[in-house]
$ cat structure-v4.json   # JSON, C-alpha atoms
[["chain", "number", "residue", "atom", "x", "y", "z"],
["A", 1, "MET", "CA", 9.26, 3.34, 21.14],
["A", 2, "TYR", "CA", 9.87, 1.88, 17.72],
["A", 3, "GLN", "CA", 12.13, 2.27, 14.73],
["A", 4, "ILE", "CA", 11.36, 1.90, 11.04],
["A", 5, "ILE", "CA", 13.83, -0.09, 8.96],
["A", 6, "HIS", "CA", 13.92, -1.76, 5.55],
["A", 7, "GLU", "CA", 12.28, -5.17, 5.56],
["A", 8, "ARG", "CA", 14.76, -8.04, 5.88],
["A", 9, "ALA", "CA", 14.38, -11.60, 4.58],
["A", 10, "GLU", "CA", 14.16, -12.93, 8.13],
["A", 11, "ASP", "CA", 11.10, -10.70, 8.76],
["A", 12, "ALA", "CA", 8.87, -12.76, 6.44],
["A", 13, "PRO", "CA", 7.43, -15.18, 9.06],
["A", 14, "ALA", "CA", 6.65, -12.35, 11.51],
["A", 15, "ILE", "CA", 5.06, -10.29, 8.71],
["A", 16, "ASN", "CA", 2.80, -13.20, 7.74],
["A", 17, "THR", "CA", 1.76, -13.67, 11.37],
["A", 18, "LEU", "CA", 1.06, -9.94, 11.67],
["A", 19, "LEU", "CA", -1.02, -9.92, 8.48],
["A", 20, "ASP", "CA", -3.04, -12.89, 9.74],
["A", 21, "GLN", "CA", -3.66, -11.06, 13.02],
["A", 22, "CYS", "CA", -4.78, -7.88, 11.26],
["A", 23, "PHE", "CA", -6.62, -9.21, 8.20],
["A", 24, "GLY", "CA", -7.16, -12.94, 8.69],
["A", 25, "PRO", "CA", -6.12, -15.79, 6.43],
["A", 26, "GLU", "CA", -8.93, -14.99, 3.95],
["A", 27, "ARG", "CA", -7.02, -11.87, 2.88],
["A", 28, "HIS", "CA", -5.47, -13.84, 0.02],
["A", 29, "HIS", "CA", -8.85, -13.92, -1.75],
["A", 30, "LYS", "CA", -9.18, -10.13, -1.99],
["A", 31, "THR", "CA", -8.79, -8.29, -5.28],
["A", 32, "ALA", "CA", -5.68, -6.38, -4.14],
["A", 33, "TYR", "CA", -3.90, -9.70, -3.55],
["A", 34, "LYS", "CA", -4.91, -10.86, -7.02],
["A", 35, "VAL", "CA", -3.52, -7.66, -8.58],
["A", 36, "ARG", "CA", -0.11, -8.23, -7.05],
["A", 37, "ALA", "CA", -0.13, -12.04, -7.41],
["A", 38, "ASN", "CA", 2.43, -12.11, -10.24],
["A", 39, "SER", "CA", 4.46, -9.11, -9.09],
["A", 40, "THR", "CA", 7.34, -8.68, -6.72],
["A", 41, "ALA", "CA", 7.21, -6.08, -3.97],
["A", 42, "ILE", "CA", 9.52, -3.12, -4.45],
["A", 43, "ASP", "CA", 12.45, -3.78, -2.09],
["A", 44, "ALA", "CA", 13.22, -0.09, -1.66],
["A", 45, "MET", "CA", 9.59, 0.43, -0.59],
["A", 46, "SER", "CA", 9.21, -2.44, 1.90],
["A", 47, "PHE", "CA", 9.60, -1.42, 5.55],
["A", 48, "VAL", "CA", 8.90, -2.79, 9.01],
["A", 49, "GLY", "CA", 8.43, -1.23, 12.41],
["A", 50, "ILE", "CA", 10.48, -2.81, 15.19],
["A", 51, "SER", "CA", 9.95, -2.30, 18.92],
["A", 52, "ASN", "CA", 12.03, -4.06, 21.58],
["A", 53, "GLY", "CA", 13.27, -6.51, 18.94],
["A", 54, "GLU", "CA", 9.71, -7.45, 17.87],
["A", 55, "LEU", "CA", 8.13, -6.70, 14.51],
["A", 56, "VAL", "CA", 5.07, -4.50, 15.16],
["A", 57, "ALA", "CA", 4.31, -3.08, 11.71],
["A", 58, "SER", "CA", 4.84, -3.70, 8.01],
["A", 59, "ILE", "CA", 4.25, -1.86, 4.74],
["A", 60, "LYS", "CA", 4.92, -2.83, 1.13],
["A", 61, "TYR", "CA", 4.46, -1.30, -2.30],
["A", 62, "TRP", "CA", 4.09, -3.10, -5.63],
["A", 63, "PRO", "CA", 4.60, -1.98, -9.24],
["A", 64, "LEU", "CA", 1.46, -1.41, -11.32],
["A", 65, "LEU", "CA", 0.38, -0.35, -14.75],
["A", 66, "ILE", "CA", -2.81, 1.61, -15.34],
["A", 67, "GLY", "CA", -4.43, 0.96, -18.70],
["A", 68, "ASN", "CA", -1.32, -0.94, -19.85],
["A", 69, "ILE", "CA", 0.47, 2.42, -20.13],
["A", 70, "THR", "CA", 0.89, 4.46, -16.96],
["A", 71, "PRO", "CA", 3.22, 3.24, -14.20],
["A", 72, "ALA", "CA", 1.98, 3.49, -10.63],
["A", 73, "ILE", "CA", 2.50, 1.70, -7.33],
["A", 74, "LEU", "CA", 0.11, -0.17, -5.06],
["A", 75, "LEU", "CA", 0.34, 0.46, -1.32],
["A", 76, "GLY", "CA", -0.43, -2.57, 0.74],
["A", 77, "PRO", "CA", -0.70, -4.32, 2.80],
["A", 78, "ILE", "CA", 0.07, -2.06, 5.70],
["A", 79, "ALA", "CA", -0.40, -3.58, 9.12],
["A", 80, "VAL", "CA", 0.22, -2.52, 12.70],
["A", 81, "HIS", "CA", -0.01, -5.02, 15.55],
["A", 82, "PRO", "CA", -3.43, -4.62, 17.23],
["A", 83, "ASP", "CA", -1.78, -3.84, 20.58],
["A", 84, "ARG", "CA", 0.21, -0.99, 18.97],
["A", 85, "GLN", "CA", -2.51, 0.67, 16.89],
["A", 86, "GLY", "CA", -3.21, 4.29, 17.72],
["A", 87, "GLU", "CA", 0.45, 5.09, 18.48],
["A", 88, "GLY", "CA", 1.10, 6.75, 15.11],
["A", 89, "ILE", "CA", 3.20, 3.95, 13.65],
["A", 90, "GLY", "CA", 0.92, 3.50, 10.62],
["A", 91, "VAL", "CA", 0.77, 7.25, 9.96],
["A", 92, "LYS", "CA", 4.57, 7.52, 10.09],
["A", 93, "LEU", "CA", 5.00, 4.48, 7.82],
["A", 94, "ILE", "CA", 2.64, 5.95, 5.23],
["A", 95, "ARG", "CA", 4.05, 9.49, 5.34],
["A", 96, "ASP", "CA", 7.66, 8.34, 5.22],
["A", 97, "THR", "CA", 7.12, 5.80, 2.45],
["A", 98, "MET", "CA", 5.06, 8.17, 0.32],
["A", 99, "GLN", "CA", 7.96, 10.63, 0.49],
["A", 100, "THR", "CA", 10.35, 7.80, -0.39],
["A", 101, "ALA", "CA", 8.13, 6.90, -3.35],
["A", 102, "LYS", "CA", 8.18, 10.49, -4.56],
["A", 103, "ASP", "CA", 11.97, 10.68, -4.09],
["A", 104, "LEU", "CA", 12.30, 7.50, -6.19],
["A", 105, "GLY", "CA", 10.31, 9.10, -9.03],
["A", 106, "HIS", "CA", 6.90, 7.52, -8.52],
["A", 107, "SER", "CA", 3.96, 9.78, -9.29],
["A", 108, "LEU", "CA", 0.82, 7.75, -8.46],
["A", 109, "VAL", "CA", -0.10, 5.49, -5.54],
["A", 110, "VAL", "CA", -3.18, 3.26, -5.54],
["A", 111, "LEU", "CA", -4.67, 1.37, -2.60],
["A", 112, "VAL", "CA", -7.77, -0.31, -1.27],
["A", 113, "GLY", "CA", -8.56, 0.99, 2.20],
["A", 114, "ASP", "CA", -10.65, 3.14, 4.49],
["A", 115, "PRO", "CA", -11.16, 6.54, 2.82],
["A", 116, "GLU", "CA", -11.66, 8.30, 6.15],
["A", 117, "TYR", "CA", -8.20, 7.16, 7.23],
["A", 118, "TYR", "CA", -6.35, 7.74, 3.95],
["A", 119, "GLU", "CA", -7.82, 11.12, 2.92],
["A", 120, "ARG", "CA", -5.39, 12.86, 5.32],
["A", 121, "PHE", "CA", -2.58, 11.67, 3.04],
["A", 122, "GLY", "CA", -4.26, 13.02, -0.12],
["A", 123, "TYR", "CA", -6.09, 9.90, -1.32],
["A", 124, "VAL", "CA", -9.29, 10.32, -3.34],
["A", 125, "SER", "CA", -11.68, 8.00, -5.17],
["A", 126, "ALA", "CA", -9.91, 6.09, -7.94],
["A", 127, "PHE", "CA", -13.26, 5.25, -9.59],
["A", 128, "ASP", "CA", -14.02, 8.97, -9.89],
["A", 129, "HIS", "CA", -10.80, 9.31, -11.90],
["A", 130, "GLY", "CA", -11.64, 6.50, -14.31],
["A", 131, "LEU", "CA", -9.51, 3.77, -12.76],
["A", 132, "GLU", "CA", -10.74, 0.17, -12.53],
["A", 133, "LEU", "CA", -9.78, -2.99, -10.64],
["A", 134, "PRO", "CA", -9.98, -6.49, -12.16],
["A", 135, "GLY", "CA", -12.24, -7.84, -9.42],
["A", 136, "PRO", "CA", -14.74, -6.88, -6.77],
["A", 137, "VAL", "CA", -14.02, -3.99, -4.43],
["A", 138, "ASP", "CA", -16.14, -1.64, -2.36],
["A", 139, "ARG", "CA", -16.29, 1.41, -4.62],
["A", 140, "HIS", "CA", -15.52, 3.90, -1.84],
["A", 141, "ARG", "CA", -12.42, 1.94, -0.73],
["A", 142, "PHE", "CA", -10.58, 2.08, -4.09],
["A", 143, "LEU", "CA", -8.29, 5.12, -3.74],
["A", 144, "VAL", "CA", -5.51, 6.95, -5.56],
["A", 145, "CYS", "CA", -3.05, 9.68, -4.62],
["A", 146, "GLU", "CA", -0.98, 11.95, -6.83],
["A", 147, "LEU", "CA", 2.58, 12.32, -5.58],
["A", 148, "ILE", "CA", 3.15, 14.84, -8.37],
["A", 149, "ASP", "CA", 0.44, 17.37, -9.20],
["A", 150, "GLY", "CA", -1.33, 16.51, -12.44],
["A", 151, "ALA", "CA", -0.13, 12.89, -12.53],
["A", 152, "LEU", "CA", -3.72, 11.65, -12.96],
["A", 153, "GLU", "CA", -4.41, 13.86, -15.96],
["A", 154, "ASP", "CA", -5.53, 11.70, -18.90],
["A", 155, "VAL", "CA", -4.91, 8.50, -16.90],
["A", 156, "ARG", "CA", -7.71, 5.97, -17.22],
["A", 157, "GLY", "CA", -8.15, 2.22, -17.30],
["A", 158, "MET", "CA", -7.67, -1.10, -15.60],
["A", 159, "ILE", "CA", -5.03, -1.56, -12.92],
["A", 160, "MET", "CA", -2.75, -4.58, -13.22],
["A", 161, "GLY", "CA", 0.43, -5.79, -11.63],
["A", 162, "ALA", "CA", 3.60, -4.91, -13.51]]
$ encode --input "structure-v4.json" --output "structure tokens"
Amino acid sequence: MYQIIHERAEDAPAINTLLDQCFGPERHHKTAYKVRANSTAIDAMSFVGISNGELVASIKYWPLLIGNITPAILLGPIAVHPDRQGEGIGVKLIRDTMQTAKDLGHSLVVLVGDPEYYERFGYVSAFDHGLELPGPVDRHRFLVCELIDGALEDVRGMIMGA
């Protein structure tokens, strides 16, 4: 069993270890990391999964601007310990935090990830909606989700950290 709680300052070392296990140390060179390089994660949107006193999952969101105008948030990274994948922890983290984001007034969430995994949450191609990233990304992995119907209407442009 596990519980989801707000990330605490003392979780940082365990989160870094988890991210290395899931994505490797080269993750820092990816475009999503560059987008959030000069931003601070949203405290109210940073959670961890704890099981038997051990950190087994982590999720963060970051503030964005699309086309220098439209506020949005970036989901990621989300990580679940390899030994705990397939237990539904990641699904619960995403569903719960997307509801939290909506409750906090956010209307758009952007991410880079596996479309087959994220489509169940309502994510679609960001490129097809005229959004751009300031670096290389596999076109099919750049995704966006409306938390409020119509939030993508007339939204176009480059994504940048806010």
$ atom_distance --input "structure-v4.json" --atom1 "atom CA of Thr100 of chain A" --atom2 "atom CA of Gly76 of chain A"
15.0 Å
$ atom_distance --input "structure-v4.json" --atom1 "atom CA of Val109 of chain A" --atom2 "atom CA of Leu74 of chain A"
5.7 Å
$ atom_distance --input "structure-v4.json" --atom1 "atom CA of His106 of chain A" --atom2 "atom CA of Leu133 of chain A"
19.8 Å
$ axis_aligned_box --input "structure-v4.json" --around "segment 74-82 of chain A" --padding-each-side "5 Å" --output "AutoDock Vina command-line options"
--center_x -1.5 --center_y -2.3 --center_z 6.1 --size_x 13.8 --size_y 15.5 --size_z 32.3
$ closest_atom_pairs --input "structure-v4.json" --of "segment 79-162 of chain A" --to "segment 34-58 of chain A" --cutoff "10 Å" --atoms "all atoms listed in the file" --output "JSON lines"
{"residue": "A:Ala79", "atom": "CA", "partner": "A:Ser58", "partner_atom": "CA", "distance": 5.4}
{"residue": "A:Val80", "atom": "CA", "partner": "A:Ala57", "partner_atom": "CA", "distance": 4.2}
{"residue": "A:His81", "atom": "CA", "partner": "A:Val56", "partner_atom": "CA", "distance": 5.1}
{"residue": "A:Pro82", "atom": "CA", "partner": "A:Val56", "partner_atom": "CA", "distance": 8.7}
{"residue": "A:Asp83", "atom": "CA", "partner": "A:Val56", "partner_atom": "CA", "distance": 8.8}
{"residue": "A:Arg84", "atom": "CA", "partner": "A:Val56", "partner_atom": "CA", "distance": 7.1}
{"residue": "A:Gln85", "atom": "CA", "partner": "A:Val56", "partner_atom": "CA", "distance": 9.3}
{"residue": "A:Ile89", "atom": "CA", "partner": "A:Ala57", "partner_atom": "CA", "distance": 7.4}
{"residue": "A:Gly90", "atom": "CA", "partner": "A:Ala57", "partner_atom": "CA", "distance": 7.5}
{"residue": "A:Lys92", "atom": "CA", "partner": "A:Gly49", "partner_atom": "CA", "distance": 9.8}
{"residue": "A:Leu93", "atom": "CA", "partner": "A:Phe47", "partner_atom": "CA", "distance": 7.8}
{"residue": "A:Asp96", "atom": "CA", "partner": "A:Phe47", "partner_atom": "CA", "distance": 10.0}
{"residue": "A:Thr97", "atom": "CA", "partner": "A:Met45", "partner_atom": "CA", "distance": 6.6}
{"residue": "A:Met98", "atom": "CA", "partner": "A:Met45", "partner_atom": "CA", "distance": 9.0}
{"residue": "A:Thr100", "atom": "CA", "partner": "A:Met45", "partner_atom": "CA", "distance": 7.4}
{"residue": "A:Ala101", "atom": "CA", "partner": "A:Met45", "partner_atom": "CA", "distance": 7.2}
{"residue": "A:Leu104", "atom": "CA", "partner": "A:Ala44", "partner_atom": "CA", "distance": 8.9}
{"residue": "A:Leu133", "atom": "CA", "partner": "A:Val35", "partner_atom": "CA", "distance": 8.1}
{"residue": "A:Pro134", "atom": "CA", "partner": "A:Val35", "partner_atom": "CA", "distance": 7.5}
{"residue": "A:Gly135", "atom": "CA", "partner": "A:Lys34", "partner_atom": "CA", "distance": 8.3}
{"residue": "A:Ile159", "atom": "CA", "partner": "A:Val35", "partner_atom": "CA", "distance": 7.6}
{"residue": "A:Met160", "atom": "CA", "partner": "A:Val35", "partner_atom": "CA", "distance": 5.6}
{"residue": "A:Gly161", "atom": "CA", "partner": "A:Arg36", "partner_atom": "CA", "distance": 5.2}
{"residue": "A:Ala162", "atom": "CA", "partner": "A:Ser39", "partner_atom": "CA", "distance": 6.2}
$ residues_around --input "structure-v4.json" --residues "Val110 of chain A" --least-positions-apart "4" --cutoff "7 Å" --atoms "all atoms listed in the file" --output "list in words"
Ile73, Leu74, Leu75, Leu143, Val144 and Cys145 of chain A
$ closest_residue --input "structure-v4.json" --among "A:Glu116, A:Val91, A:Ser107, A:Thr17" --to "Ala72 of chain A" --atoms "all atoms listed in the file"
A:Ser107
$ closest_residue --input "structure-v4.json" --among "A:Leu65, A:Leu108, A:Leu147, A:Met158" --to "Phe127 of chain A" --atoms "only C-alpha atoms"
A:Met158
$ closest_residue --input "structure-v4.json" --among "A:Ile148, A:Leu131, A:Glu153, A:Gln3" --to "Asn68 of chain A" --atoms "all atoms listed in the file"
A:Leu131
$ closest_residue --input "structure-v4.json" --among "A:Gly67, A:Gly157, A:Gly150, A:Pro77" --to "Ile15 of chain A" --atoms "only C-alpha atoms"
A:Pro77
$ build_atoms --input "structure-v4.json" --residues "segment 112-129 of chain A" --atoms "N, CA and C atoms" --output "CSV table (one decimal), keeping the file's coordinate frame"
chain,number,residue,atom,x,y,z
A,112,VAL,N,-6.4,0.0,-1.7
A,112,VAL,CA,-7.8,-0.3,-1.3
A,112,VAL,C,-7.8,-0.2,0.2
A,113,GLY,N,-8.6,0.8,0.8
A,113,GLY,CA,-8.6,1.0,2.2
A,113,GLY,C,-9.7,1.9,2.6
A,114,ASP,N,-9.6,2.3,3.9
A,114,ASP,CA,-10.6,3.1,4.5
A,114,ASP,C,-10.4,4.6,4.1
A,115,PRO,N,-11.4,5.2,3.3
A,115,PRO,CA,-11.2,6.5,2.8
A,115,PRO,C,-11.0,7.6,3.9
A,116,GLU,N,-11.7,7.4,5.0
A,116,GLU,CA,-11.7,8.3,6.2
A,116,GLU,C,-10.3,8.3,6.8
A,117,TYR,N,-9.6,7.2,6.7
A,117,TYR,CA,-8.2,7.2,7.2
A,117,TYR,C,-7.2,7.8,6.2
A,118,TYR,N,-7.4,7.4,4.9
A,118,TYR,CA,-6.4,7.7,4.0
A,118,TYR,C,-6.5,9.1,3.3
A,119,GLU,N,-7.7,9.8,3.5
A,119,GLU,CA,-7.8,11.1,2.9
A,119,GLU,C,-6.8,12.1,3.5
A,120,ARG,N,-6.4,11.9,4.7
A,120,ARG,CA,-5.4,12.9,5.3
A,120,ARG,C,-4.1,12.9,4.6
A,121,PHE,N,-3.8,11.8,3.8
A,121,PHE,CA,-2.6,11.7,3.0
A,121,PHE,C,-2.8,12.1,1.6
A,122,GLY,N,-4.0,12.5,1.2
A,122,GLY,CA,-4.3,13.0,-0.1
A,122,GLY,C,-4.9,12.0,-1.0
A,123,TYR,N,-5.4,10.9,-0.5
A,123,TYR,CA,-6.1,9.9,-1.3
A,123,TYR,C,-7.5,10.3,-1.6
A,124,VAL,N,-7.9,10.0,-2.9
A,124,VAL,CA,-9.3,10.3,-3.3
A,124,VAL,C,-9.8,9.1,-4.1
A,125,SER,N,-11.1,9.1,-4.5
A,125,SER,CA,-11.7,8.0,-5.2
A,125,SER,C,-11.0,7.7,-6.5
A,126,ALA,N,-10.5,6.5,-6.7
A,126,ALA,CA,-9.9,6.1,-7.9
A,126,ALA,C,-11.0,5.9,-9.0
A,127,PHE,N,-12.2,5.4,-8.6
A,127,PHE,CA,-13.3,5.2,-9.6
A,127,PHE,C,-13.6,6.6,-10.2
A,128,ASP,N,-13.7,7.6,-9.4
A,128,ASP,CA,-14.0,9.0,-9.9
A,128,ASP,C,-13.0,9.5,-10.9
A,129,HIS,N,-11.8,8.9,-10.9
A,129,HIS,CA,-10.8,9.3,-11.9
A,129,HIS,C,-10.7,8.3,-13.1
